[in-house]
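Heads up, model_4.tsv below (TSV, N, CA and C atoms):
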```tsv
chain	number	residue	atom	x	y	z
X	157	MET	N	8.91	165.86	-115.48
X	157	MET	CA	8.55	166.12	-114.09
X	157	MET	C	7.16	165.54	-113.85
X	158	LYS	N	7.09	164.54	-112.99
X	158	LYS	CA	5.80	163.92	-112.69
X	158	LYS	C	5.08	164.63	-111.55
X	159	ASN	N	5.80	164.87	-110.49
X	159	ASN	CA	5.22	165.50	-109.30
X	159	ASN	C	6.14	166.61	-108.82
X	160	LEU	N	5.55	167.52	-108.08
X	160	LEU	CA	6.34	168.59	-107.48
X	160	LEU	C	6.83	168.13	-106.11
X	161	ASN	N	8.05	168.55	-105.78
X	161	ASN	CA	8.60	168.23	-104.47
X	161	ASN	C	8.73	169.51	-103.65
X	162	GLU	N	9.33	169.38	-102.49
X	162	GLU	CA	9.45	170.51	-101.57
X	162	GLU	C	10.20	171.70	-102.20
X	163	LYS	N	11.27	171.41	-102.95
X	163	LYS	CA	12.02	172.49	-103.60
X	163	LYS	C	11.16	173.21	-104.64
X	164	HIS	N	10.35	172.46	-105.35
X	164	HIS	CA	9.47	173.08	-106.35
X	164	HIS	C	8.50	174.05	-105.66
X	165	TYR	N	7.88	173.58	-104.59
X	165	TYR	CA	6.91	174.43	-103.89
X	165	TYR	C	7.58	175.66	-103.27
X	166	ARG	N	8.77	175.47	-102.75
X	166	ARG	CA	9.51	176.61	-102.18
X	166	ARG	C	9.86	177.60	-103.29
X	167	CYS	N	10.26	177.10	-104.44
X	167	CYS	CA	10.58	177.95	-105.57
X	167	CYS	C	9.35	178.74	-106.01
X	168	ILE	N	8.22	178.07	-106.08
X	168	ILE	CA	6.97	178.75	-106.46
X	168	ILE	C	6.64	179.85	-105.47
X	169	GLU	N	6.78	179.54	-104.19
X	169	GLU	CA	6.53	180.54	-103.15
X	169	GLU	C	7.43	181.76	-103.33
X	170	MET	N	8.70	181.50	-103.61
X	170	MET	CA	9.66	182.59	-103.77
X	170	MET	C	9.39	183.39	-105.05
X	171	LEU	N	8.99	182.70	-106.11
X	171	LEU	CA	8.69	183.39	-107.37
X	171	LEU	C	7.48	184.31	-107.24
X	172	CYS	N	6.61	184.03	-106.30
X	172	CYS	CA	5.42	184.84	-106.11
X	172	CYS	C	5.67	186.08	-105.26
X	173	GLN	N	6.87	186.23	-104.76
X	173	GLN	CA	7.22	187.41	-103.98
X	173	GLN	C	7.44	188.60	-104.91
X	174	PRO	N	7.06	189.80	-104.48
X	174	PRO	CA	7.21	190.96	-105.36
X	174	PRO	C	8.65	191.24	-105.80
X	175	ASP	N	9.60	190.89	-104.98
X	175	ASP	CA	11.00	191.17	-105.30
X	175	ASP	C	11.73	189.90	-105.76
X	176	ALA	N	11.01	188.99	-106.39
X	176	ALA	CA	11.59	187.71	-106.82
X	176	ALA	C	12.80	187.93	-107.72
X	177	ASN	N	13.86	187.18	-107.42
X	177	ASN	CA	15.09	187.26	-108.19
X	177	ASN	C	15.56	185.83	-108.45
X	178	ILE	N	15.60	185.46	-109.72
X	178	ILE	CA	15.93	184.08	-110.09
X	178	ILE	C	17.28	183.65	-109.54
X	179	THR	N	18.26	184.51	-109.61
X	179	THR	CA	19.60	184.17	-109.12
X	179	THR	C	19.57	183.87	-107.63
X	180	GLU	N	18.88	184.70	-106.86
X	180	GLU	CA	18.80	184.49	-105.41
X	180	GLU	C	17.98	183.24	-105.08
X	181	ILE	N	16.91	183.02	-105.83
X	181	ILE	CA	16.09	181.83	-105.61
X	181	ILE	C	16.93	180.58	-105.85
X	182	ALA	N	17.64	180.55	-106.97
X	182	ALA	CA	18.48	179.39	-107.31
X	182	ALA	C	19.54	179.16	-106.23
X	183	ARG	N	20.18	180.23	-105.79
X	183	ARG	CA	21.23	180.11	-104.77
X	183	ARG	C	20.64	179.55	-103.48
X	184	GLU	N	19.50	180.07	-103.05
X	184	GLU	CA	18.91	179.62	-101.80
X	184	GLU	C	18.47	178.15	-101.88
X	185	LEU	N	18.01	177.73	-103.05
X	185	LEU	CA	17.55	176.35	-103.20
X	185	LEU	C	18.68	175.39	-103.55
X	186	GLY	N	19.86	175.92	-103.84
X	186	GLY	CA	20.99	175.07	-104.19
X	186	GLY	C	20.87	174.45	-105.57
X	187	ILE	N	20.26	175.20	-106.48
X	187	ILE	CA	20.09	174.74	-107.86
X	187	ILE	C	20.60	175.83	-108.80
X	188	SER	N	20.66	175.52	-110.08
X	188	SER	CA	21.11	176.52	-111.04
X	188	SER	C	19.95	177.39	-111.51
X	189	ARG	N	20.27	178.54	-112.04
X	189	ARG	CA	19.25	179.41	-112.63
X	189	ARG	C	18.56	178.69	-113.77
X	190	THR	N	19.33	177.92	-114.54
X	190	THR	CA	18.77	177.17	-115.66
X	190	THR	C	17.69	176.21	-115.17
X	191	THR	N	17.92	175.59	-114.03
X	191	THR	CA	16.93	174.67	-113.47
X	191	THR	C	15.63	175.41	-113.16
X	192	VAL	N	15.74	176.58	-112.57
X	192	VAL	CA	14.53	177.37	-112.27
X	192	VAL	C	13.78	177.66	-113.56
X	193	TYR	N	14.50	178.12	-114.58
X	193	TYR	CA	13.85	178.42	-115.86
X	193	TYR	C	13.26	177.17	-116.50
X	194	ASP	N	13.95	176.04	-116.38
X	194	ASP	CA	13.42	174.78	-116.91
X	194	ASP	C	12.13	174.39	-116.18
X	195	TRP	N	12.14	174.51	-114.86
X	195	TRP	CA	10.93	174.20	-114.09
X	195	TRP	C	9.77	175.07	-114.53
X	196	MET	N	10.04	176.35	-114.79
X	196	MET	CA	8.99	177.28	-115.16
X	196	MET	C	8.34	176.92	-116.50
X	197	LYS	N	9.00	176.10	-117.28
X	197	LYS	CA	8.46	175.64	-118.57
X	197	LYS	C	7.62	174.38	-118.42
X	198	GLU	N	7.76	173.67	-117.29
X	198	GLU	CA	7.05	172.42	-117.07
X	198	GLU	C	5.57	172.71	-116.78
X	199	PRO	N	4.67	172.02	-117.47
X	199	PRO	CA	3.24	172.29	-117.29
X	199	PRO	C	2.74	172.17	-115.85
X	200	ILE	N	3.17	171.16	-115.11
X	200	ILE	CA	2.68	170.98	-113.74
X	200	ILE	C	3.20	172.10	-112.83
X	201	PHE	N	4.45	172.50	-113.03
X	201	PHE	CA	5.03	173.60	-112.25
X	201	PHE	C	4.35	174.91	-112.62
X	202	LYS	N	4.19	175.14	-113.90
X	202	LYS	CA	3.55	176.37	-114.39
X	202	LYS	C	2.12	176.48	-113.88
X	203	ALA	N	1.39	175.38	-113.87
X	203	ALA	CA	0.01	175.40	-113.38
X	203	ALA	C	-0.03	175.77	-111.90
X	204	GLU	N	0.87	175.21	-111.11
X	204	GLU	CA	0.90	175.52	-109.68
X	204	GLU	C	1.33	176.97	-109.45
X	205	LEU	N	2.28	177.44	-110.22
X	205	LEU	CA	2.72	178.84	-110.12
X	205	LEU	C	1.57	179.77	-110.48
X	206	ASP	N	0.88	179.47	-111.57
X	206	ASP	CA	-0.27	180.29	-111.99
X	206	ASP	C	-1.37	180.29	-110.92
X	207	LYS	N	-1.61	179.12	-110.32
X	207	LYS	CA	-2.62	179.01	-109.26
X	207	LYS	C	-2.26	179.89	-108.07
X	208	ASN	N	-1.00	179.85	-107.67
X	208	ASN	CA	-0.55	180.67	-106.53
X	208	ASN	C	-0.63	182.16	-106.85
X	209	GLU	N	-0.24	182.54	-108.06
X	209	GLU	CA	-0.32	183.94	-108.45
X	209	GLU	C	-1.77	184.41	-108.47
X	210	GLN	N	-2.68	183.57	-108.94
X	210	GLN	CA	-4.10	183.93	-108.96
X	210	GLN	C	-4.65	184.08	-107.55
X	211	GLU	N	-4.24	183.20	-106.65
X	211	GLU	CA	-4.68	183.30	-105.25
X	211	GLU	C	-4.21	184.62	-104.64
X	212	ILE	N	-3.00	185.03	-104.94
X	212	ILE	CA	-2.49	186.31	-104.44
X	212	ILE	C	-3.31	187.46	-105.01
X	213	LYS	N	-3.57	187.43	-106.30
X	213	LYS	CA	-4.38	188.49	-106.93
X	213	LYS	C	-5.77	188.55	-106.30
X	214	ASN	N	-6.36	187.38	-106.05
X	214	ASN	CA	-7.69	187.34	-105.44
X	214	ASN	C	-7.69	187.94	-104.04
X	215	ARG	N	-6.66	187.62	-103.25
X	215	ARG	CA	-6.56	188.19	-101.89
X	215	ARG	C	-6.40	189.70	-101.94
X	216	ILE	N	-5.58	190.18	-102.86
X	216	ILE	CA	-5.37	191.63	-103.00
X	216	ILE	C	-6.68	192.30	-103.42
X	217	HIS	N	-7.36	191.70	-104.38
X	217	HIS	CA	-8.63	192.26	-104.85
X	217	HIS	C	-9.65	192.29	-103.70
X	218	HIS	N	-9.74	191.20	-102.96
X	218	HIS	CA	-10.67	191.12	-101.83
X	218	HIS	C	-10.36	192.20	-100.79
X	219	THR	N	-9.10	192.36	-100.46
X	219	THR	CA	-8.69	193.38	-99.49
X	219	THR	C	-9.03	194.77	-100.00
X	220	PHE	N	-8.79	195.01	-101.27
X	220	PHE	CA	-9.09	196.31	-101.88
X	220	PHE	C	-10.59	196.59	-101.80
X	221	VAL	N	-11.41	195.61	-102.17
X	221	VAL	CA	-12.86	195.79	-102.17
X	221	VAL	C	-13.37	196.05	-100.75
X	222	LEU	N	-12.80	195.35	-99.76
X	222	LEU	CA	-13.22	195.56	-98.38
X	222	LEU	C	-12.88	196.96	-97.87
X	223	ARG	N	-11.76	197.48	-98.32
X	223	ARG	CA	-11.31	198.79	-97.82
X	223	ARG	C	-11.84	199.97	-98.64
X	224	LEU	N	-12.41	199.69	-99.79
X	224	LEU	CA	-12.88	200.75	-100.68
X	224	LEU	C	-13.93	201.66	-100.03
X	225	PRO	N	-14.95	201.13	-99.37
X	225	PRO	CA	-15.94	202.02	-98.77
X	225	PRO	C	-15.33	203.00	-97.77
X	226	ALA	N	-14.41	202.54	-96.95
X	226	ALA	CA	-13.77	203.43	-95.97
X	226	ALA	C	-12.94	204.49	-96.68
X	227	ALA	N	-12.32	204.13	-97.77
X	227	ALA	CA	-11.51	205.09	-98.52
X	227	ALA	C	-12.39	206.15	-99.18
X	228	ILE	N	-13.56	205.74	-99.62
X	228	ILE	CA	-14.47	206.68	-100.26
X	228	ILE	C	-15.02	207.67	-99.24
X	229	ASP	N	-15.32	207.17	-98.02
X	229	ASP	CA	-15.83	208.04	-96.96
X	229	ASP	C	-14.76	209.03	-96.58
```
Can the structure in the file be given as structure tokens, please?
Amino acid sequence: MKNLNEKHYRCIEMLCQPDANITEIARELGISRTTVYDWMKEPIFKAELDKNEQEIKNRIHHTFVLRLPAAID
């Protein structure tokens, strides 16, 4: 895999959802479950997935920190 395409990015987006389900992701993208798992092993795909997951964690952390003072009061 040299570059990611639209299906890869859509798959990454779906994998980052809290209720991610490989079977449903594969069905919606018109690919096999094996393909999803193969993509997840590819360094470029894995790096983008990790980046997206970290961005989500950072947003959650930021939101938590912003709301903490009000919760303490």
Write down as number ranges by chain the residues of chain X whose backbone DSSP state falls under helix (DSSP H, G or I).
X: 162-171, 178-185, 189-197, 199-228
Return the single residue from X:Asn159, X:Leu224, X:His218, X:Ile168 that is closest to Lys202 (chain X), with distances computed using only C-alpha atoms.
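Residue with the minimum atom-to-atom distance to Lys202 (chain X): X:Ile168.
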Which of these residues is nearest to Arg166 (chain X), using only C-alpha atoms: X:Glu198, X:Leu222, X:Leu185, X:Ala227?
X:Leu185
What is the CA of Cys172 (chain X) to CA of Glu209 (chain X) distance in Å?
6.3 Å
So how far away is CA of Ile187 (chain X) from atom C of His164 (chain X), in Å?
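Between atom C of His164 (chain X) and CA of Ile187 (chain X) the gap works out to 11.8 Å.
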Name the residues in contact with region 212-216 of chain X at a cut-off of 12 Å, using only C-alpha atoms, excluding same-chain residues fewer than 6 positions from it; report them as JSON, numbers by chain.
{"X": [169, 171, 172, 173, 174, 205, 206, 222, 223]}
Between CA of Asn208 (chain X) and atom N of Phe220 (chain X), what is the spacing in Å?
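A separation of 17.4 Å between them.
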Determine, counting only C-alpha atoms, every residue of protein, DNA or RNA that lies within 12 Å of (6.7, 171.2, -114.6) in the file coordinates, then give the result as a ChimeraX atom specification.
/X:157-161,164-165,167-168,191-206
